[in-house]
>>> print(open('start_36.txt').read())   # compact mmCIF, C-alpha atoms (C1' of nucleotides)
# COMPACT_ATOMS: atom_id res chain seq x y z
CA MET A 79 171.24 67.17 196.91
CA VAL A 80 168.40 67.41 194.46
CA VAL A 81 169.20 66.55 190.89
CA MET A 82 170.24 69.44 188.74
CA ASP A 83 169.90 69.42 184.99
CA SER A 84 172.72 70.55 182.76
CA SER A 85 171.35 73.94 181.88
CA THR A 86 170.81 75.06 185.48
CA ALA A 87 174.25 73.74 186.40
CA ARG A 88 175.62 75.75 183.52
CA GLU A 89 173.88 78.88 184.69
CA GLN A 90 175.11 78.45 188.24
CA VAL A 91 178.65 77.99 187.04
CA LEU A 92 178.38 81.09 184.88
CA ASP A 93 176.87 83.08 187.74
CA ALA A 94 179.78 82.15 189.98
CA ALA A 95 182.32 82.73 187.23
CA GLU A 96 180.93 86.15 186.44
CA GLU A 97 181.03 87.32 190.01
CA LEU A 98 184.51 86.00 190.68
CA PHE A 99 186.17 86.76 187.36
CA TYR A 100 184.80 90.27 187.24
CA GLY A 101 185.44 91.03 190.88
CA ARG A 102 188.98 89.70 191.24
CA GLY A 103 190.30 89.24 187.75
CA VAL A 104 190.33 86.01 185.79
CA GLN A 105 193.79 84.80 186.66
CA CYS A 106 193.47 84.93 190.40
CA VAL A 107 190.32 82.81 190.41
CA GLY A 108 190.94 79.07 190.37
CA MET A 109 188.63 76.41 189.04
CA ASP A 110 188.27 75.29 192.63
CA ASP A 111 186.90 78.70 193.59
CA ILE A 112 184.32 78.35 190.85
CA ARG A 113 183.36 74.95 192.15
CA GLY A 114 183.03 76.27 195.68
CA ALA A 115 180.93 79.24 194.66
CA SER A 116 178.71 77.38 192.23
CA GLY A 117 178.25 74.10 194.07
CA VAL A 118 178.90 72.23 190.85
CA SER A 119 181.46 69.47 191.10
CA LEU A 120 184.73 69.70 189.20
CA LYS A 121 183.82 66.68 187.13
CA ARG A 122 180.64 68.25 185.90
CA LEU A 123 182.30 71.61 185.52
CA TYR A 124 184.77 70.07 183.10
CA GLN A 125 181.98 68.31 181.27
CA LEU A 126 180.31 71.67 180.71
CA PHE A 127 183.50 73.59 179.93
CA PRO A 128 186.44 71.44 178.83
CA ALA A 129 188.95 74.10 179.85
CA LYS A 130 189.09 77.28 181.84
CA GLU A 131 189.61 79.35 178.72
CA GLN A 132 186.25 78.23 177.40
CA LEU A 133 184.59 79.15 180.66
CA VAL A 134 186.10 82.61 180.38
CA GLU A 135 184.82 82.86 176.83
CA ALA A 136 181.33 81.82 177.88
CA TYR A 137 181.41 84.30 180.76
CA LEU A 138 182.25 87.18 178.43
CA GLU A 139 179.68 86.04 175.90
CA ARG A 140 176.81 85.81 178.35
CA ARG A 141 177.75 89.07 180.02
CA ASP A 142 177.81 90.74 176.62
CA ALA A 143 174.23 89.71 175.94
CA ARG A 144 173.11 90.94 179.35
CA TRP A 145 175.04 94.17 179.23
CA ARG A 146 173.82 95.20 175.82
CA GLY A 147 170.32 94.12 176.69
CA ARG A 148 170.24 96.32 179.77
CA LEU A 149 171.69 99.24 177.85
CA ALA A 150 169.17 98.91 175.05
CA ALA A 151 166.27 98.58 177.50
CA PHE A 152 167.33 101.79 179.22
CA VAL A 153 167.91 103.74 176.04
CA GLU A 154 164.67 102.69 174.41
CA ARG A 155 162.62 104.19 177.19
CA ARG A 156 163.28 107.54 175.52
CA GLU A 157 161.47 108.48 172.37
CA ASP A 158 163.51 111.28 170.89
CA PRO A 159 166.47 109.98 168.85
CA GLU A 160 168.87 112.55 170.24
CA GLU A 161 167.66 111.90 173.77
CA ARG A 162 168.45 108.27 173.16
CA ILE A 163 172.03 109.14 172.38
CA LEU A 164 172.35 111.07 175.61
CA ALA A 165 170.59 108.31 177.52
CA LEU A 166 173.55 106.15 176.70
CA PHE A 167 175.66 108.29 179.02
CA ASP A 168 172.96 108.36 181.66
CA TRP A 169 173.03 104.63 181.63
CA LEU A 170 176.79 104.63 182.06
CA GLU A 171 176.32 106.73 185.17
CA VAL A 172 173.85 104.22 186.58
CA TRP A 173 176.21 101.38 185.80
CA PHE A 174 179.26 103.10 187.29
CA GLY A 175 177.37 103.64 190.51
CA GLU A 176 176.42 100.01 191.02
CA ASP A 177 177.85 98.05 193.91
CA GLY A 178 180.91 96.14 192.90
CA PHE A 179 181.51 98.16 189.75
CA ARG A 180 185.10 97.58 188.75
CA GLY A 181 185.34 98.95 185.24
CA CYS A 182 184.55 97.37 181.92
CA ALA A 183 184.84 93.58 182.04
CA TRP A 184 186.09 93.42 178.48
CA ILE A 185 188.72 96.10 178.82
CA ASN A 186 189.93 94.44 182.00
CA SER A 187 190.00 91.00 180.41
CA TYR A 188 191.81 92.35 177.42
CA GLY A 189 194.48 93.84 179.63
CA GLU A 190 194.81 90.56 181.43
CA LEU A 191 194.56 88.02 178.63
CA GLY A 192 194.46 89.85 175.31
CA ALA A 193 198.07 89.01 174.57
CA THR A 194 197.75 85.39 175.69
CA SER A 195 194.37 84.10 174.61
CA GLU A 196 193.08 84.55 171.12
CA ARG A 197 189.60 83.48 172.20
CA VAL A 198 189.44 86.19 174.82
CA ALA A 199 190.78 88.82 172.43
CA THR A 200 188.11 87.81 169.94
CA GLN A 201 185.31 88.08 172.50
CA VAL A 202 186.50 91.55 173.44
CA ARG A 203 186.60 92.69 169.82
CA LEU A 204 183.16 91.25 169.19
CA HIS A 205 181.72 93.02 172.20
CA LYS A 206 183.30 96.37 171.39
CA GLY A 207 182.30 95.97 167.76
CA ALA A 208 178.70 95.31 168.75
CA PHE A 209 178.64 98.27 171.10
CA GLY A 210 180.14 100.48 168.40
CA ALA A 211 177.53 99.29 165.93
CA TYR A 212 174.80 100.06 168.44
CA VAL A 213 176.06 103.61 168.80
CA GLU A 214 176.18 103.94 165.04
CA GLY A 215 172.57 102.82 164.90
CA LEU A 216 171.52 105.46 167.40
CA VAL A 217 173.37 108.15 165.48
CA ALA A 218 171.91 107.08 162.16
CA ALA A 219 168.39 107.00 163.65
CA ALA A 220 168.86 110.60 164.70
CA GLY A 221 169.86 111.53 161.18
CA LEU A 222 173.29 112.65 162.33
CA PRO A 223 176.56 112.17 160.45
CA GLY A 224 178.29 108.81 160.85
CA THR A 225 181.53 110.37 162.01
CA LEU A 226 179.80 111.35 165.24
CA ALA A 227 179.35 107.72 166.22
CA GLY A 228 183.03 107.00 166.56
CA GLN A 229 183.51 110.10 168.66
CA LEU A 230 180.72 109.19 171.03
CA PHE A 231 182.10 105.68 171.23
CA LEU A 232 185.49 107.01 172.32
CA LEU A 233 183.87 109.20 174.96
CA ALA A 234 182.02 106.19 176.33
CA GLU A 235 185.14 104.04 176.37
CA GLY A 236 187.14 106.76 178.06
CA ALA A 237 184.44 107.15 180.67
CA MET A 238 184.39 103.40 181.38
CA VAL A 239 188.14 103.21 181.84
CA THR A 240 188.29 106.30 183.99
CA ALA A 241 185.34 105.34 186.13
CA GLY A 242 186.91 101.95 186.72
CA ILE A 243 190.25 103.39 187.77
CA THR A 244 188.97 106.25 189.88
CA GLN A 245 185.90 104.46 191.26
CA THR A 246 183.70 107.47 190.58
CA THR A 247 180.65 108.09 188.42
CA GLU A 248 181.74 111.55 187.37
CA PRO A 249 183.26 110.52 184.03
CA ALA A 250 179.77 109.63 182.82
CA ARG A 251 178.58 113.19 183.33
CA GLN A 252 181.67 114.67 181.74
CA ALA A 253 181.22 112.41 178.75
CA ARG A 254 177.56 113.34 178.56
CA THR A 255 178.38 117.03 178.54
CA ALA A 256 180.92 116.51 175.78
CA ALA A 257 178.36 114.49 173.83
CA GLU A 258 175.84 117.29 174.10
CA LEU A 259 178.37 119.72 172.70
CA LEU A 260 179.20 117.42 169.82
CA LEU A 261 175.52 116.95 169.07
CA ARG A 262 174.93 120.68 169.16
CA GLY A 263 177.84 121.10 166.76
CA CYS A 264 176.26 118.67 164.30
CA ARG A 265 172.99 120.53 164.35
CA GLY A 266 175.00 123.48 163.15
CA GLY A 267 174.41 125.29 166.45
CA MET B 234 231.62 89.17 182.16
CA VAL B 235 232.73 92.70 182.98
CA VAL B 236 231.65 94.10 186.30
CA MET B 237 228.35 95.93 186.29
CA ASP B 238 227.47 98.55 188.82
CA SER B 239 224.10 98.56 190.51
CA SER B 240 222.55 101.35 188.51
CA THR B 241 223.30 99.82 185.12
CA ALA B 242 222.08 96.44 186.35
CA ARG B 243 218.92 98.18 187.51
CA GLU B 244 218.43 99.78 184.12
CA GLN B 245 218.95 96.50 182.30
CA VAL B 246 216.44 94.78 184.52
CA LEU B 247 213.93 97.54 183.95
CA ASP B 248 214.55 97.47 180.19
CA ALA B 249 213.85 93.75 180.11
CA ALA B 250 210.88 94.07 182.44
CA GLU B 251 209.34 96.82 180.38
CA GLU B 252 209.60 94.91 177.13
CA LEU B 253 208.27 91.67 178.57
CA PHE B 254 205.60 93.02 180.92
CA TYR B 255 204.21 95.36 178.31
CA GLY B 256 204.38 92.88 175.47
CA ARG B 257 202.93 89.81 177.16
CA GLY B 258 201.26 91.01 180.31
CA VAL B 259 202.78 90.99 183.76
CA GLN B 260 201.46 87.69 185.00
CA CYS B 261 202.73 85.54 182.18
CA VAL B 262 206.30 86.78 182.57
CA GLY B 263 208.31 84.96 185.22
CA MET B 264 211.24 86.30 187.16
CA ASP B 265 213.32 83.78 185.27
CA ASP B 266 212.30 85.38 181.99
CA ILE B 267 213.48 88.71 183.35
CA ARG B 268 216.77 87.19 184.34
CA GLY B 269 217.24 85.63 180.92
CA ALA B 270 216.40 88.84 179.07
CA SER B 271 218.42 91.15 181.30
CA GLY B 272 221.44 88.99 181.98
CA VAL B 273 221.22 89.90 185.65
CA SER B 274 221.35 86.98 188.06
CA LEU B 275 218.36 86.14 190.21
CA LYS B 276 220.33 86.92 193.34
CA ARG B 277 221.13 90.42 192.22
CA LEU B 278 217.66 90.88 190.83
CA TYR B 279 216.20 90.22 194.26
CA GLN B 280 218.73 92.57 195.84
CA LEU B 281 217.51 95.33 193.55
CA PHE B 282 213.80 94.47 193.82
CA PRO B 283 212.86 92.41 196.88
CA ALA B 284 209.71 91.13 195.22
CA LYS B 285 208.13 90.99 191.80
CA GLU B 286 205.46 93.46 192.80
CA GLN B 287 208.10 96.09 193.42
CA LEU B 288 209.65 95.44 190.05
CA VAL B 289 206.26 95.96 188.46
CA GLU B 290 205.87 99.17 190.40
CA ALA B 291 209.28 100.41 189.27
CA TYR B 292 208.49 99.46 185.68
CA LEU B 293 205.31 101.52 185.73
CA GLU B 294 207.04 104.40 187.44
CA ARG B 295 209.91 104.62 184.99
CA ARG B 296 207.63 104.20 182.02
CA ASP B 297 205.46 107.01 183.33
CA ALA B 298 208.40 109.40 183.37
CA ARG B 299 209.41 108.40 179.84
CA TRP B 300 205.91 108.47 178.45
CA ARG B 301 205.03 111.87 179.81
CA GLY B 302 208.43 113.20 178.80
CA ARG B 303 207.97 112.13 175.22
CA LEU B 304 204.46 113.54 175.11
CA ALA B 305 205.57 116.87 176.53
CA ALA B 306 208.52 117.08 174.14
CA PHE B 307 206.20 116.52 171.19
CA VAL B 308 203.55 118.95 172.34
CA GLU B 309 205.99 121.72 173.17
CA ARG B 310 207.25 121.87 169.64
CA ARG B 311 204.09 123.81 168.85
CA GLU B 312 203.77 127.40 169.91
CA ASP B 313 200.05 128.09 169.77
CA PRO B 314 198.27 126.94 172.94
CA GLU B 315 195.34 125.48 171.04
CA GLU B 316 197.67 123.75 168.60
CA ARG B 317 199.34 122.20 171.61
CA ILE B 318 196.06 120.69 172.70
CA LEU B 319 195.54 119.15 169.30
CA ALA B 320 199.15 118.00 169.18
CA LEU B 321 198.29 115.72 172.07
CA PHE B 322 196.15 113.68 169.70
CA ASP B 323 198.75 113.78 166.97
CA TRP B 324 201.15 112.31 169.42
CA LEU B 325 198.69 109.56 170.27
CA GLU B 326 198.59 108.69 166.59
CA VAL B 327 202.36 108.43 166.45
CA TRP B 328 202.38 106.27 169.56
CA PHE B 329 199.60 103.97 168.34
CA GLY B 330 201.54 103.36 165.15
CA GLU B 331 204.74 102.24 166.84
CA ASP B 332 205.93 98.67 166.52
CA GLY B 333 204.76 96.55 169.38
CA PHE B 334 202.06 98.98 170.48
CA ARG B 335 199.66 97.02 172.65
CA GLY B 336 197.51 99.66 174.29
CA CYS B 337 198.09 101.71 177.41
CA ALA B 338 200.42 99.97 179.85
CA TRP B 339 198.57 101.39 182.84
CA ILE B 340 195.11 100.47 181.67
CA ASN B 341 196.34 96.98 180.88
CA SER B 342 198.07 96.62 184.21
CA TYR B 343 195.02 97.87 186.00
CA GLY B 344 192.88 95.25 184.30
CA GLU B 345 195.38 92.60 185.25
CA LEU B 346 196.36 93.60 188.78
CA GLY B 347 194.21 96.51 189.89
CA ALA B 348 192.06 94.28 192.05
CA THR B 349 195.00 92.37 193.51
CA SER B 350 197.83 94.81 194.06
CA GLU B 351 197.35 98.08 195.82
CA ARG B 352 200.77 99.26 194.70
CA VAL B 353 199.91 98.72 191.06
CA ALA B 354 196.54 100.40 191.46
CA THR B 355 198.27 103.38 193.04
CA GLN B 356 200.79 103.67 190.22
CA VAL B 357 197.98 103.63 187.69
CA ARG B 358 196.07 106.33 189.53
CA LEU B 359 199.19 108.44 189.85
CA HIS B 360 199.92 108.15 186.15
CA LYS B 361 196.40 108.94 185.05
CA GLY B 362 196.24 111.76 187.53
CA ALA B 363 199.46 113.25 186.17
CA PHE B 364 198.26 112.92 182.60
CA GLY B 365 194.96 114.53 183.53
CA ALA B 366 196.78 117.38 185.23
CA TYR B 367 198.92 117.88 182.15
CA VAL B 368 195.83 118.18 179.98
CA GLU B 369 194.38 120.64 182.45
CA GLY B 370 197.55 122.67 182.17
CA LEU B 371 197.31 122.80 178.39
CA VAL B 372 193.68 123.85 178.58
CA ALA B 373 194.38 126.55 181.14
CA ALA B 374 197.30 127.85 179.09
CA ALA B 375 194.94 128.29 176.17
CA GLY B 376 192.57 130.25 178.35
CA LEU B 377 189.82 127.68 177.88
CA PRO B 378 187.31 126.56 180.50
CA GLY B 379 188.44 123.86 182.90
CA THR B 380 185.54 121.56 182.07
CA LEU B 381 187.08 121.02 178.65
CA ALA B 382 190.08 119.27 180.16
CA GLY B 383 188.12 116.33 181.51
CA GLN B 384 186.37 115.90 178.20
CA LEU B 385 189.63 115.84 176.27
CA PHE B 386 191.04 113.44 178.81
CA LEU B 387 188.16 111.03 178.22
CA LEU B 388 188.65 111.24 174.47
CA ALA B 389 192.32 110.41 174.87
CA GLU B 390 191.60 107.49 177.19
CA GLY B 391 188.96 106.14 174.86
CA ALA B 392 191.35 106.38 171.95
CA MET B 393 194.07 104.50 173.85
CA VAL B 394 191.77 101.65 174.79
CA THR B 395 190.27 101.37 171.35
CA ALA B 396 193.60 101.57 169.55
CA GLY B 397 194.92 98.84 171.81
CA ILE B 398 192.01 96.52 171.16
CA THR B 399 191.65 97.12 167.44
CA GLN B 400 195.35 97.57 166.70
CA THR B 401 194.68 100.62 164.56
CA THR B 402 195.71 104.25 164.75
CA GLU B 403 192.35 105.56 163.59
CA PRO B 404 190.96 106.32 167.07
CA ALA B 405 193.60 109.05 167.42
CA ARG B 406 192.23 110.89 164.41
CA GLN B 407 188.63 110.45 165.51
CA ALA B 408 189.51 111.81 168.92
CA ARG B 409 191.37 114.70 167.34
CA THR B 410 188.36 115.60 165.22
CA ALA B 411 186.13 115.51 168.29
CA ALA B 412 188.62 117.65 170.17
CA GLU B 413 188.59 120.24 167.40
CA LEU B 414 184.82 120.42 167.60
CA LEU B 415 184.88 120.84 171.35
CA LEU B 416 187.51 123.58 171.05
CA ARG B 417 185.48 125.33 168.42
CA GLY B 418 182.47 125.16 170.70
CA CYS B 419 184.42 126.81 173.51
CA ARG B 420 185.47 129.65 171.30
CA GLY B 421 181.78 130.32 170.87
CA GLY B 422 181.93 129.30 167.20
C1' DC C 259 167.96 41.82 196.79
C1' DC C 260 171.74 42.56 193.46
C1' DG C 261 174.68 44.61 190.28
C1' DA C 262 175.77 48.37 187.08
C1' DG C 263 176.32 53.01 186.18
C1' DG C 264 176.21 58.01 186.87
C1' DG C 265 177.57 61.60 189.68
C1' DG C 266 179.82 63.90 193.84
C1' DA C 267 183.87 64.80 196.85
C1' DG C 268 188.18 65.50 197.01
C1' DA C 269 192.90 63.42 196.49
C1' DA C 270 196.45 63.15 193.12
C1' DC C 271 199.35 64.64 189.29
C1' DG C 272 202.20 67.66 186.67
C1' DC C 273 203.62 71.90 185.87
C1' DC C 274 204.72 76.64 186.74
C1' DC C 275 206.60 80.23 189.36
C1' DG C 276 208.18 83.36 193.21
C1' DT C 277 211.69 83.06 196.30
C1' DT C 278 215.73 81.11 198.66
C1' DC C 279 219.79 78.28 199.07
C1' DT C 280 224.04 75.91 197.72
C1' DC C 281 228.02 75.61 195.52
C1' DC C 282 231.80 77.41 193.07
C1' DG C 283 234.98 80.54 190.85
C1' DC C 284 236.96 84.90 190.82
C1' DT C 285 239.06 88.95 192.89
C1' DG C 286 241.48 91.74 195.81
C1' DC C 287 243.99 92.38 200.02
C1' DC C 288 247.77 90.70 203.33
C1' DG D 226 250.62 82.50 197.45
C1' DG D 227 246.61 82.11 200.47
C1' DC D 228 242.25 83.30 202.09
C1' DA D 229 237.98 85.88 202.78
C1' DG D 230 234.08 87.48 200.56
C1' DC D 231 231.28 88.94 196.65
C1' DG D 232 228.68 87.52 192.89
C1' DG D 233 226.97 84.20 189.29
C1' DA D 234 224.55 79.88 187.90
C1' DG D 235 221.20 77.15 188.69
C1' DA D 236 219.12 73.66 191.84
C1' DA D 237 215.77 73.40 195.45
C1' DC D 238 211.66 74.57 198.00
C1' DG D 239 206.92 75.64 198.80
C1' DG D 240 202.69 76.74 197.21
C1' DG D 241 199.17 77.27 193.75
C1' DC D 242 196.44 75.71 190.06
C1' DG D 243 194.50 73.39 185.78
C1' DT D 244 193.20 68.95 184.95
C1' DT D 245 192.43 64.02 185.83
C1' DC D 246 191.64 60.02 188.65
C1' DT D 247 189.84 57.21 192.48
C1' DC D 248 186.62 55.89 195.46
C1' DC D 249 182.16 55.70 197.15
C1' DC D 250 177.22 56.36 197.43
C1' DC D 251 172.90 56.47 195.50
C1' DT D 252 169.64 55.10 192.17
C1' DC D 253 167.39 52.28 189.10
C1' DG D 254 166.35 48.13 186.27
C1' DG D 255 165.92 43.03 186.76
>>> encode(input="start_36.txt", output="structure tokens")
Amino acid sequence: MVVMDSSTAREQVLDAAEELFYGRGVQCVGMDDIRGASGVSLKRLYQLFPAKEQLVEAYLERRDARWRGRLAAFVERREDPEERILALFDWLEVWFGEDGFRGCAWINSYGELGATSERVATQVRLHKGAFGAYVEGLVAAAGLPGTLAGQLFLLAEGAMVTAGITQTTEPARQARTAAELLLRGCRGG
Amino acid sequence: MVVMDSSTAREQVLDAAEELFYGRGVQCVGMDDIRGASGVSLKRLYQLFPAKEQLVEAYLERRDARWRGRLAAFVERREDPEERILALFDWLEVWFGEDGFRGCAWINSYGELGATSERVATQVRLHKGAFGAYVEGLVAAAGLPGTLAGQLFLLAEGAMVTAGITQTTEPARQARTAAELLLRGCRGG
DNA sequence: CCGAGGGGAGAACGCCCGTTCTCCGCTGCC
DNA sequence: GGCAGCGGAGAACGGGCGTTCTCCCCTCGG
């Protein structure tokens, strides 16, 4: 096989890890599965990630960057600050409808490993904190009261959980409708 | 030891299972841990539950009955139909503040086993379906539009997830505030 | 051409865990 | 009292998995 430098090997491992961990759950994917799917030998795999836990951490970290990047790119296509808030829920609907959607990776990982692995719990809190801060930013940019941000955040989280469990996109629309009502309420309507 | 009939043995096993599965996650609790905590021998344990998966199923099932019973008992102490809807969120706050609260057992189990075990996935869907139907009932009893129910449901789900991850009770109050606003909107206020 | 070293494949190791089996003591009936 | 059978304790079994080790090939410098 052609030589492969460390950073591409790393990416291939993370690609495989993301697909498998997200699709089946972390604990039922073995390091051997990762090797098979990535084509990176166990030896090198352990050079890149000294233990499975660190691979899980890296998987969540990289996915966080991607996920928030995609969200922001979608939202920023709208100009109006209030439209941007609603776009958040439109984006959820797009996400929920994607092939292989299986709920929120962080919520799932927290359910699986939150009690066991401090590193995983930390990644989840960081991700949810960053998402919450992003919502706060959108709310502030629209000149709306800060209390609204937490409420929208809960709607989004509820929609993610429910979409994951029911395998439908409908929760995104329900959450969007609720968000519109809350926005209207803030405008004093 | 004194003789123990099947139904008390069953209860003791389920008590132990509930505490351990909920507190640490299903997969990191072994059948031996259940035996140690319940005092029921492995042989009898396997007579009562032929496989671990069925014990998990029974744990979720019994917890569902308890959980919804407690919720209903709390809510029904209020007379006014709209107060009952808000009481739902007050009850969440009580629940979130309990010792050992670690999020929603069904959401956690779904993250852990939803992709692997059809029985577990089914239990989770049944539980969430029953909770959703209960919310719908409260909304209908208050003469409010059915679309509100789904929105309140999402708020409650979001609060459960967030309270579990952050280990705070605050999401219950945020969700309650949002619920009040949505109610007010329905009244045409 | 030769020897050293890095990397790949996969066997090996140790441990855990779900499930079953073995052995033994107790109990209750004749 | 004797014996059959139920039930408890825990060893045993089989498989899986995280991690490490062994062996071999290929490459590259002399």
>>> residues_around(input="start_36.txt", residues="range 117-127 of chain A", least_positions_apart="5", cutoff="10 Å", atoms="all atoms listed in the file", output="PyMOL selection string")
(chain A and resi 82+84-85+87-88+90-91+94+109-112+132-136) or (chain C and resi 265-268) or (chain D and resi 244-245)
>>> closest_atom_pairs(input="start_36.txt", of="chain B", to="chain A", cutoff="8 Å", atoms="only C-alpha atoms", output="Markdown table")
| residue | atom | partner | partner_atom | distance |
| --- | --- | --- | --- | --- |
| B:Gly256 | CA | A:Ala193 | CA | 7.5 |
| B:Arg257 | CA | A:Ala193 | CA | 5.6 |
| B:Gly258 | CA | A:Glu190 | CA | 6.6 |
| B:Ile340 | CA | A:Gly189 | CA | 7.0 |
| B:Asn341 | CA | A:Gly189 | CA | 3.9 |
| B:Ser342 | CA | A:Gly189 | CA | 6.4 |
| B:Tyr343 | CA | A:Asn186 | CA | 7.3 |
| B:Gly344 | CA | A:Asn186 | CA | 3.8 |
| B:Glu345 | CA | A:Glu190 | CA | 4.4 |
| B:Leu346 | CA | A:Gly103 | CA | 7.5 |
| B:Ala348 | CA | A:Arg102 | CA | 5.6 |
| B:Thr349 | CA | A:Arg102 | CA | 7.0 |
| B:Ala354 | CA | A:Ile243 | CA | 7.9 |
| B:Val357 | CA | A:Ile243 | CA | 7.7 |
| B:Arg358 | CA | A:Ile243 | CA | 6.8 |
| B:Thr380 | CA | A:Gln252 | CA | 7.9 |
| B:Gly383 | CA | A:Gln252 | CA | 6.7 |
| B:Gln384 | CA | A:Ala256 | CA | 6.0 |
| B:Phe386 | CA | A:Gly236 | CA | 7.8 |
| B:Leu387 | CA | A:Gly236 | CA | 4.4 |
| B:Leu388 | CA | A:Leu233 | CA | 5.2 |
| B:Ala389 | CA | A:Gly236 | CA | 7.1 |
| B:Glu390 | CA | A:Gly236 | CA | 4.6 |
| B:Gly391 | CA | A:Gly236 | CA | 3.7 |
| B:Ala392 | CA | A:Leu232 | CA | 5.9 |
| B:Val394 | CA | A:Glu235 | CA | 7.2 |
| B:Thr395 | CA | A:Leu232 | CA | 7.5 |
| B:Ile398 | CA | A:Arg203 | CA | 6.8 |
| B:Thr399 | CA | A:Arg203 | CA | 7.1 |
| B:Pro404 | CA | A:Leu232 | CA | 7.6 |
| B:Gln407 | CA | A:Gln229 | CA | 6.0 |
| B:Ala408 | CA | A:Gln229 | CA | 6.2 |
| B:Ala411 | CA | A:Gln229 | CA | 6.0 |
| B:Leu414 | CA | A:Leu260 | CA | 6.7 |
| B:Leu415 | CA | A:Leu259 | CA | 6.7 |
| B:Gly418 | CA | A:Leu259 | CA | 7.1 |
>>> residues_around(input="start_36.txt", residues="Ile318 in chain B", least_positions_apart="4", cutoff="9 Å", atoms="only C-alpha atoms (C1' of nucleotides)", output="compact mmCIF listing (two decimals) with C-alpha atoms, in the frame of the given file")
# COMPACT_ATOMS: atom_id res chain seq x y z
CA VAL B 308 203.55 118.95 172.34
CA ASP B 313 200.05 128.09 169.77
CA PRO B 314 198.27 126.94 172.94
CA PHE B 322 196.15 113.68 169.70
CA VAL B 368 195.83 118.18 179.98
CA LEU B 371 197.31 122.80 178.39
CA VAL B 372 193.68 123.85 178.58
CA ALA B 375 194.94 128.29 176.17
CA LEU B 385 189.63 115.84 176.27
CA ALA B 412 188.62 117.65 170.17
>>> atom_distance(input="start_36.txt", atom1="CA of Trp169 in chain A", atom2="CA of Phe152 in chain A")
6.8 Å
>>> interface_residues(input="start_36.txt", of="chain D", to="chain A", cutoff="12 Å", atoms="all atoms listed in the file", output="count of residues only")
8
>>> atom_distance(input="start_36.txt", atom1="CA of Leu166 in chain A", atom2="CA of Ala150 in chain A")
8.6 Å
>>> closest_residue(input="start_36.txt", among="A:Ala95, A:Gly175, A:Glu157, A:Gly114", to="chain C", atoms="all atoms listed in the file")
A:Gly114
>>> residues_around(input="start_36.txt", residues="DC231 in chain D", least_positions_apart="2", cutoff="10 Å", atoms="only C-alpha atoms (C1' of nucleotides)", output="JSON list (two decimals) with C-alpha atoms (C1' of nucleotides), keeping the file's coordinate frame")
[["chain", "number", "residue", "atom", "x", "y", "z"],
["C", 284, "DC", "C1'", 236.96, 84.90, 190.82],
["C", 285, "DT", "C1'", 239.06, 88.95, 192.89],
["D", 229, "DA", "C1'", 237.98, 85.88, 202.78],
["D", 233, "DG", "C1'", 226.97, 84.20, 189.29]]
>>> residues_around(input="start_36.txt", residues="DT278 in chain C", least_positions_apart="2", cutoff="10 Å", atoms="only C-alpha atoms (C1' of nucleotides)", output="ChimeraX atom specification")
/B:276 /C:276,280 /D:237-238
>>> closest_residue(input="start_36.txt", among="D:DC248, D:DG240, D:DC253, D:DG232", to="DC274 in chain C", atoms="only C-alpha atoms (C1' of nucleotides)")
D:DG240
>>> closest_residue(input="start_36.txt", among="A:Leu149, A:Arg113, A:Gly178, A:Gly221", to="chain C", atoms="only C-alpha atoms (C1' of nucleotides)")
A:Arg113
>>> atom_distance(input="start_36.txt", atom1="CA of Val353 in chain B", atom2="CA of Tyr292 in chain B")
10.2 Å
>>> closest_residue(input="start_36.txt", among="B:Phe254, B:Phe364, B:Glu286, B:Ser271", to="chain C", atoms="only C-alpha atoms (C1' of nucleotides)")
B:Glu286
>>> residues_around(input="start_36.txt", residues="DG254 in chain D", least_positions_apart="4", cutoff="12 Å", atoms="only C-alpha atoms (C1' of nucleotides)", output="mmCIF file with C-alpha atoms (C1' of nucleotides), in the coordinates of the input")
data_model
loop_
_atom_site.group_PDB
_atom_site.id
_atom_site.type_symbol
_atom_site.label_atom_id
_atom_site.label_comp_id
_atom_site.auth_asym_id
_atom_site.auth_seq_id
_atom_site.Cartn_x
_atom_site.Cartn_y
_atom_site.Cartn_z
ATOM 1 C "C1'" DC C 260 171.740 42.560 193.460
ATOM 2 C "C1'" DG C 261 174.680 44.610 190.280
ATOM 3 C "C1'" DA C 262 175.770 48.370 187.080
ATOM 4 C "C1'" DG C 263 176.320 53.010 186.180
#
